[in-house]
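Structure below is input_13.cif: mmCIF, C-alpha atoms.
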data_my_file
loop_
_atom_site.label_atom_id
_atom_site.label_comp_id
_atom_site.auth_asym_id
_atom_site.auth_seq_id
_atom_site.Cartn_x
_atom_site.Cartn_y
_atom_site.Cartn_z
CA MET A 177 66.18 140.56 119.79
CA ALA A 178 69.16 138.62 118.52
CA SER A 179 72.37 140.41 119.41
CA THR A 180 74.59 141.41 116.51
CA THR A 181 78.15 142.56 116.12
CA THR A 182 80.04 144.01 113.17
CA THR A 183 83.70 143.22 112.50
CA GLN A 184 85.89 145.61 110.42
CA THR A 185 89.24 144.58 108.97
CA THR A 186 91.56 146.33 106.52
CA ASP A 187 91.43 143.66 103.84
CA ARG A 188 87.83 142.44 103.93
CA PRO A 189 84.40 144.09 103.99
CA PRO A 190 82.42 144.41 107.26
CA THR A 191 80.66 141.23 108.28
CA THR A 192 77.74 140.82 110.64
CA LYS A 193 77.34 137.83 112.85
CA GLU A 194 74.65 136.86 115.33
CA THR A 195 74.59 135.15 118.69
CA PHE A 196 71.60 133.18 117.36
CA HIS A 197 69.27 133.84 120.30
CA PHE A 198 66.15 136.01 120.35
CA ILE A 199 67.01 137.97 123.50
CA ASN A 200 67.90 141.45 124.60
CA ASP A 201 70.68 141.80 127.20
CA PRO A 202 71.75 138.30 128.30
CA GLN A 203 71.91 139.52 131.92
CA ASP A 204 68.18 140.30 131.76
CA ALA A 205 67.06 137.19 129.89
CA ILE A 206 65.91 135.17 132.91
CA ASN A 207 64.09 138.05 134.58
CA GLU A 208 62.33 138.94 131.34
CA ALA A 209 61.31 135.32 130.74
CA ALA A 210 60.01 134.83 134.29
CA ALA A 211 58.13 138.12 134.22
CA GLY A 212 56.46 137.08 130.98
CA LEU A 213 55.60 133.66 132.42
CA THR A 214 53.89 135.08 135.49
CA GLU A 215 52.26 138.06 133.80
CA HIS A 216 49.52 135.93 132.27
CA ASN A 217 49.27 133.20 134.92
CA ALA A 218 47.17 134.20 137.92
CA ASN A 219 48.45 131.16 139.84
CA LEU A 220 52.02 132.50 139.74
CA SER A 221 53.92 135.39 141.28
CA TYR A 222 57.53 136.48 140.80
CA SER A 223 60.26 137.95 142.99
CA PRO A 224 62.74 139.47 140.51
CA THR A 225 65.41 140.31 143.09
CA HIS A 226 66.13 136.63 143.72
CA LYS A 227 64.57 135.15 140.56
CA ILE A 228 61.92 133.17 142.46
CA VAL A 229 58.68 132.08 140.79
CA TYR A 230 56.12 130.96 143.38
CA ARG A 231 52.47 130.00 143.63
CA SER A 232 50.34 133.04 144.39
CA ASP A 233 48.55 131.38 147.32
CA LEU A 234 51.81 130.39 149.00
CA GLU A 235 51.20 132.39 152.17
CA THR A 236 48.13 130.32 153.04
CA PHE A 237 49.27 127.04 151.44
CA ARG A 238 52.49 126.88 153.49
CA ARG A 239 50.64 126.84 156.81
CA ASP A 240 49.63 123.18 156.66
CA HIS A 241 51.48 121.71 153.66
CA VAL A 242 55.04 120.64 153.00
CA THR A 243 56.36 123.09 150.40
CA THR A 244 58.63 122.11 147.52
CA ILE A 245 61.36 124.09 145.74
CA GLY A 246 63.08 123.20 142.49
CA PHE A 247 66.12 125.16 141.35
CA ALA A 248 68.56 125.19 138.45
CA GLY A 249 70.50 127.45 136.18
CA GLY A 250 68.56 129.28 133.49
CA GLY A 251 68.35 128.01 129.94
CA HIS A 252 66.56 124.75 130.85
CA GLU A 253 63.03 126.15 130.90
CA PRO A 254 60.32 125.09 131.48
CA MET A 255 62.22 123.34 134.29
CA PHE A 256 61.53 124.47 137.02
CA SER A 257 59.52 127.67 136.71
CA GLY A 258 57.01 126.08 134.34
CA PHE A 259 56.22 123.42 136.95
CA VAL A 260 55.20 125.76 139.78
CA GLY A 261 51.56 125.63 140.81
CA PRO A 262 48.92 123.62 142.68
CA SER A 263 49.79 119.90 142.99
CA PHE A 264 53.35 120.54 141.81
CA LEU A 265 56.16 122.82 142.97
CA SER A 266 55.58 125.59 145.48
CA ALA A 267 58.44 127.69 144.11
CA SER A 268 61.38 127.66 141.73
CA VAL A 269 64.68 129.50 141.81
CA SER A 270 66.72 130.29 138.71
CA GLY A 271 70.33 131.24 138.29
CA ASN A 272 71.72 132.98 135.24
CA ILE A 273 71.97 130.90 132.08
CA PHE A 274 73.70 127.59 132.86
CA ALA A 275 74.76 128.94 136.27
CA SER A 276 73.49 127.78 139.63
CA PRO A 277 71.42 130.19 141.72
CA THR A 278 73.34 131.52 144.69
CA ALA A 279 72.96 130.28 148.26
CA THR A 280 71.28 133.59 149.09
CA GLN A 281 68.65 133.04 146.39
CA ILE A 282 67.88 129.54 147.64
CA PHE A 283 67.73 130.72 151.26
CA GLU A 284 65.28 133.46 150.30
CA ALA A 285 63.08 130.86 148.60
CA ILE A 286 63.10 128.75 151.77
CA LYS A 287 62.02 131.77 153.81
CA LEU A 288 59.31 132.55 151.28
CA CYS A 289 58.01 128.97 151.50
CA GLN A 290 57.89 128.87 155.30
CA GLY A 291 57.53 132.44 156.52
CA PRO A 292 59.08 133.22 159.92
CA PRO A 293 60.73 130.15 161.52
CA SER A 294 58.09 128.16 163.39
CA SER A 295 57.97 124.77 165.09
CA SER A 296 54.56 124.24 163.49
CA SER A 297 55.79 124.62 159.90
CA PRO A 298 55.54 121.34 157.92
CA GLY A 299 58.87 122.15 156.27
CA THR A 300 60.32 122.34 152.76
CA LEU A 301 61.74 119.77 150.34
CA ILE A 302 64.33 121.03 147.86
CA VAL A 303 65.25 119.24 144.62
CA CYS A 304 67.83 119.98 141.93
CA GLY A 305 70.06 118.25 139.43
CA ASN A 306 73.27 116.64 140.64
CA TYR A 307 75.68 119.39 139.59
CA THR A 308 78.57 120.59 141.73
CA GLY A 309 77.56 124.27 141.89
CA ASP A 310 73.95 123.40 142.69
CA ILE A 311 74.97 121.02 145.48
CA LEU A 312 77.42 123.48 147.03
CA ASN A 313 75.02 126.41 147.02
CA ALA A 314 72.14 124.28 148.29
CA GLY A 315 74.34 123.06 151.13
CA LEU A 316 75.23 126.60 152.14
CA ALA A 317 71.60 127.73 151.96
CA ILE A 318 70.31 124.76 153.95
CA THR A 319 72.98 125.24 156.60
CA ARG A 320 71.88 128.85 157.05
CA ALA A 321 68.21 127.88 157.02
CA THR A 322 68.64 125.11 159.57
CA ALA A 323 70.61 127.42 161.87
CA ALA A 324 67.77 129.95 161.58
CA GLY A 325 65.20 127.37 162.65
CA TYR A 326 63.74 126.21 159.31
CA LYS A 327 62.91 122.58 158.51
CA VAL A 328 64.52 121.56 155.22
CA ARG A 329 65.28 118.33 153.40
CA PHE A 330 67.29 118.11 150.19
CA ILE A 331 67.38 115.60 147.32
CA PRO A 332 69.74 116.02 144.35
CA ILE A 333 68.54 114.03 141.33
CA GLY A 334 71.24 112.23 139.35
CA ASP A 335 69.42 110.31 136.63
CA ASP A 336 71.81 110.46 133.67
CA VAL A 337 72.87 106.90 132.85
CA ALA A 338 75.44 108.22 130.37
CA VAL A 339 77.61 108.93 133.41
CA GLY A 340 78.53 105.53 134.79
CA ARG A 341 79.69 104.73 138.30
CA LYS A 342 83.35 104.72 137.29
CA LYS A 343 83.15 108.12 135.57
CA GLY A 344 80.78 109.64 138.14
CA GLY A 345 82.95 108.66 141.09
CA LYS A 346 82.15 110.63 144.22
CA VAL A 347 80.34 113.32 142.26
CA GLY A 348 77.62 110.98 140.98
CA ARG A 349 75.38 111.20 137.94
CA ARG A 350 74.59 114.58 136.40
CA GLY A 351 72.08 116.10 136.27
CA LEU A 352 51.25 116.72 149.04
CA ARG A 353 50.04 116.83 152.33
CA GLU A 354 52.40 114.41 153.95
CA SER A 355 55.20 114.65 156.48
CA LEU A 356 58.52 116.03 155.26
CA GLU A 357 60.30 112.75 156.02
CA ARG A 358 57.66 110.70 154.21
CA ILE A 359 57.98 112.85 151.09
CA ARG A 360 61.75 112.61 151.21
CA GLU A 361 61.54 108.79 151.39
CA VAL A 362 59.28 108.72 148.35
CA MET A 363 61.51 111.08 146.38
CA ASP A 364 64.60 109.04 147.26
CA TRP A 365 62.87 105.89 145.98
CA ILE A 366 61.82 107.57 142.74
CA ALA A 367 65.36 108.87 142.15
CA GLU A 368 66.78 105.39 142.70
CA ASN A 369 64.36 103.89 140.19
CA SER A 370 64.71 106.42 137.37
CA GLY A 371 67.17 107.03 134.58
CA THR A 372 67.68 109.31 131.57
CA ILE A 373 69.64 109.05 128.33
CA ALA A 374 69.89 111.87 125.79
CA VAL A 375 71.10 112.33 122.23
CA ALA A 376 71.65 115.47 120.14
CA PHE A 377 72.89 116.80 116.83
CA ASP A 378 74.67 119.76 118.40
CA ARG A 379 75.92 121.37 121.55
CA VAL A 380 74.63 124.76 122.63
CA ALA A 381 75.78 128.33 122.05
CA LEU A 382 75.45 130.54 125.09
CA PRO A 383 73.77 133.92 124.63
CA ASN A 384 76.24 136.62 125.60
CA ASN A 385 77.46 140.02 124.53
CA ILE A 386 80.03 138.69 122.10
CA VAL A 387 79.74 136.52 119.02
CA THR A 388 79.45 132.90 120.11
CA GLU A 389 81.00 130.17 118.04
CA ILE A 390 78.31 127.58 117.41
CA GLN A 391 79.71 124.24 118.56
CA THR A 392 78.75 121.73 115.92
CA LEU A 393 79.36 118.06 115.43
CA PRO A 394 80.73 116.74 112.13
CA PRO A 395 78.18 116.27 109.33
CA ASP A 396 75.83 113.30 109.65
CA THR A 397 76.84 112.79 113.29
CA ILE A 398 74.98 112.62 116.59
CA GLU A 399 76.34 112.43 120.13
CA LEU A 400 74.84 109.88 122.50
CA GLY A 401 74.73 110.81 126.18
CA LEU A 402 75.38 114.52 125.61
CA GLY A 403 74.88 116.56 128.80
CA CYS A 404 72.37 119.39 129.02
CA HIS A 405 75.18 121.98 129.19
CA GLY A 406 77.07 120.45 126.30
CA GLU A 407 79.12 118.04 128.41
CA PRO A 408 80.70 115.26 126.32
CA GLY A 409 78.57 112.16 125.89
CA LEU A 410 79.32 108.47 125.63
CA ARG A 411 80.29 108.56 121.98
CA GLN A 412 79.64 110.16 118.64
CA ILE A 413 77.78 108.08 116.06
CA SER A 414 78.13 108.49 112.28
CA PRO A 415 76.28 107.99 110.07
CA VAL A 416 73.11 108.76 111.99
CA PRO A 417 71.42 105.41 112.71
CA LYS A 418 67.84 104.54 111.87
CA PRO A 419 65.34 105.66 114.54
CA GLU A 420 64.64 102.00 115.42
CA ASP A 421 68.33 101.25 115.99
CA LEU A 422 68.96 104.43 117.96
CA THR A 423 65.94 103.80 120.17
CA LYS A 424 67.03 100.24 120.89
CA GLU A 425 70.50 101.37 121.99
CA MET A 426 69.13 104.17 124.17
CA ILE A 427 66.55 101.93 125.85
CA ASN A 428 69.18 99.25 126.48
CA LEU A 429 71.32 101.79 128.30
CA LEU A 430 68.38 102.35 130.65
CA THR A 431 67.32 98.74 131.15
CA ASN A 432 70.44 96.55 130.85
CA ILE A 433 71.07 95.26 134.38
CA GLU A 434 74.16 93.36 133.19
CA ASP A 435 76.05 96.64 132.69
CA LYS A 436 77.42 97.08 136.20
CA ASP A 437 78.66 100.59 135.42
CA ARG A 438 75.27 101.91 134.29
CA ALA A 439 72.66 99.54 135.73
CA PHE A 440 71.09 102.26 137.85
CA ILE A 441 67.44 101.23 137.47
CA PRO A 442 66.90 97.90 139.28
CA PHE A 443 64.77 96.18 136.66
CA SER A 444 64.18 92.47 137.13
CA LYS A 445 63.88 89.84 134.42
CA SER A 446 60.39 88.86 135.50
CA GLY A 447 58.76 90.15 132.33
CA LYS A 448 56.13 91.88 134.43
CA GLU A 449 57.70 95.28 135.04
CA GLU A 450 55.81 98.56 134.57
CA ALA A 451 57.19 102.02 133.91
CA ILE A 452 56.37 105.63 133.15
CA LEU A 453 58.09 107.07 130.08
CA LEU A 454 58.98 110.71 129.44
CA VAL A 455 60.22 111.79 126.01
CA ASN A 456 61.84 115.19 126.31
CA SER A 457 62.73 117.76 123.67
CA SER A 458 66.04 119.43 124.47
CA GLY A 459 64.91 122.59 122.70
CA SER A 460 64.04 122.40 119.03
CA THR A 461 62.81 118.85 118.48
CA SER A 462 59.15 118.81 117.46
CA ASP A 463 56.33 116.85 119.05
CA GLU A 464 55.98 114.89 115.82
CA VAL A 465 59.52 113.56 116.10
CA LEU A 466 59.13 112.89 119.82
CA ALA A 467 55.92 110.96 119.19
CA ARG A 468 57.66 108.67 116.71
CA PHE A 469 60.47 107.90 119.16
CA ALA A 470 57.93 107.39 121.94
CA GLU A 471 56.18 104.75 119.85
CA LEU A 472 59.46 102.99 119.13
CA ALA A 473 60.49 103.13 122.81
CA ILE A 474 57.19 101.64 123.99
CA LYS A 475 57.57 98.82 121.45
CA GLU A 476 61.18 98.12 122.49
CA LEU A 477 60.31 98.14 126.19
CA ARG A 478 57.44 95.73 125.55
CA LYS A 479 59.92 93.31 123.96
CA GLN A 480 61.88 93.42 127.22
CA GLY A 481 58.85 92.68 129.37
CA ILE A 482 58.38 96.28 130.50
CA THR A 483 54.93 97.80 130.01
CA VAL A 484 54.63 101.58 129.70
CA VAL A 485 51.48 102.52 131.63
CA ARG A 486 51.85 106.30 131.38
CA MET A 487 53.72 108.51 128.91
CA THR A 488 54.24 112.20 128.32
CA LEU A 489 56.28 114.08 125.74
CA GLY A 490 57.35 117.62 124.99
CA PRO A 491 59.88 120.19 126.18
CA MET A 492 60.44 119.62 129.90
CA VAL A 493 64.16 120.13 130.45
CA THR A 494 65.72 122.03 127.56
CA SER A 495 69.18 123.25 126.65
CA LEU A 496 68.23 126.55 125.06
CA LYS A 497 67.46 125.52 121.46
CA GLN A 498 69.52 122.37 121.19
CA SER A 499 68.43 119.83 118.57
CA GLY A 500 67.98 116.58 120.45
CA PHE A 501 65.79 114.53 122.75
CA ALA A 502 65.95 112.23 125.76
CA PHE A 503 64.18 109.23 127.25
CA THR A 504 63.48 109.17 130.97
CA LEU A 505 62.20 105.94 132.47
CA TRP A 506 60.66 105.56 135.93
CA ARG A 507 60.30 101.96 137.11
CA LEU A 508 57.05 101.63 139.06
CA PRO A 509 56.68 99.62 142.27
CA ALA A 510 55.40 96.10 141.76
CA SER A 511 51.73 95.50 142.51
CA GLY A 512 51.12 94.56 146.12
CA LYS A 513 54.70 95.30 147.16
CA GLU A 514 55.28 97.38 150.28
CA GLY A 515 57.66 100.34 150.17
CA PRO A 516 57.83 104.11 150.43
CA ILE A 517 55.16 104.35 147.73
CA THR A 518 52.86 101.73 146.25
CA ARG A 519 52.03 101.28 142.58
CA ASP A 520 48.54 102.68 143.05
CA GLU A 521 49.82 105.68 144.98
CA ALA A 522 52.41 106.38 142.28
CA LEU A 523 49.81 106.34 139.50
CA GLU A 524 47.35 108.37 141.55
CA SER A 525 50.01 111.03 142.10
CA TRP A 526 51.01 111.00 138.43
CA ASP A 527 47.39 111.38 137.31
CA ARG A 528 46.53 114.15 139.75
CA LYS A 529 45.56 117.31 137.91
CA VAL A 530 48.14 120.08 138.21
CA GLU A 531 47.79 123.77 137.48
CA THR A 532 51.10 124.86 136.00
CA ALA A 533 52.21 126.78 132.94
CA SER A 534 54.10 123.96 131.23
CA TRP A 535 53.52 120.45 132.56
CA ARG A 536 51.59 118.35 130.05
CA GLN A 537 48.96 115.85 131.16
#
Render the structure in this file as structure tokens.
Amino acid sequence: MASTTTTQTTDRPPTTKETFHFINDPQDAINEAAAGLTEHNANLSYSPTHKIVYRSDLETFRRDHVTTIGFAGGGHEPMFSGFVGPSFLSASVSGNIFASPTATQIFEAIKLCQGPPSSSSPGTLIVCGNYTGDILNAGLAITRATAAGYKVRFIPIGDDVAVGRKKGGKVGRRGLRESLERIREVMDWIAENSGTIAVAFDRVALPNNIVTEIQTLPPDTIELGLGCHGEPGLRQISPVPKPEDLTKEMINLLTNIEDKDRAFIPFSKSGKEEAILLVNSSGSTSDEVLARFAELAIKELRKQGITVVRMTLGPMVTSLKQSGFAFTLWRLPASGKEGPITRDEALESWDRKVETASWRQ
């Protein structure tokens, strides 16, 4: 349960403070969470040594399918462990809270997804957020895997429009039965046509064995563009704007092609664009609040000539129990336009039924 500590001084009575997280030992938090996730899901299995959640039929599935691995530090659940299962990820790898999994963990997941190296293996696609530790450890793991004879492709996803080109620099933005190359082409296209912007009332307090100071913003203040580990955002806003005004500013950050620093999604001004919208809770924001912002976002996008044809909301990528939310927008291919994936293929893939613990359809 929530860790506590008592402080004794000579001139004041003992005081008890909490780390404000319902956990036991922080070092065991990820293993305990993953064990609980897989205990009641027959589709899932768990390797506690390397913190790998994988689909239970992986040994047979991997023979004639490209396998997919998602990895990240802990504390962002349900990403990625909650998305493992038929028609979604083959496996996920978790590091400790807000810490990248090691290269050894990722390499073990690759071996689990392919078995012994074989020229007949369809291969594995690995995805993660665009964070330095994740990229470095993935690079080391993939180098080892390639040298051992495994087929691997890697796509880091940098969708945060709060980090512009000037600020991102060389680092970049934060955070199927097909051939491996075909899937990589599709994933590259999706990454290039997606963007995310977040807002929150607070940063996050890490669960640890000492009392954690809760990092708070000033009263009646929100931070726009806050990162999922508490990285500074674009700016703090006070007083808190009306939901309509906040939504308009957030959507404009995603769609404004005149902003050369943040125009990552190549929207046109044709008035005939289509998109898929995700409204994400960063931890403690309720579905009721998300639904209201989803409605406002759809209305604002319609004003800009962008029609939302699919939408989902809920906790997908969290920051422990942070109070905030985010919009993610995926620009769909135009009807009849050739490319790595067509509009109809994109919607067919989106609508395909998945069997995971956490993805909402």
Worksheet item: What do you get, as a PyMOL selection string, if you spell out every residue that the PyMOL selection byres ((chain A and resi 405-410) around 7) selects here?
Response: chain A and resi 274+338+379-380+399-404+411+495
Item to complete: On this file, the PyMOL selection byres ((chain A and resi 416) around 7) gives some set of residues; write that set as number ranges by chain.
Response: A: 396-398, 413-415, 417-418
Item to complete: Identify which of the residues A:Pro332, A:Met255, A:Cys289, A:Thr392 lies closest to Ile366 (chain A), counting all atoms listed in the file when measuring atom-to-atom distances.
Response: A:Pro332
Worksheet entry | Pick from A:Ala439, A:Ala211, A:Leu312, A:Ile302 nearest to Ile331 (chain A), counting only C-alpha atoms |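 Of A:Ala439, A:Ala211, A:Leu312, A:Ile302, the one nearest Ile331 (chain A) is A:Ile302, counting only C-alpha atoms.
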Discussion item. Given all atoms listed in the file as the basis, pick out the residue of A:Arg486, A:Ala210, A:Phe503, A:Lys475 nearest to Glu524 (chain A).
Written reply: A:Arg486
Worksheet item: Hey, can you pull every residue with an atom no more than 10 Å from (52.8, 105.1, 152.1), using all atoms listed in the file, and send it as a ChimeraX atom specification?
Response: /A:354,358-359,361-362,514-518,521-522
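Reported to one decimal place, the separation of CA of Ala533 (chain A) from CA of Glu357 (chain A) is 28.2 Å.
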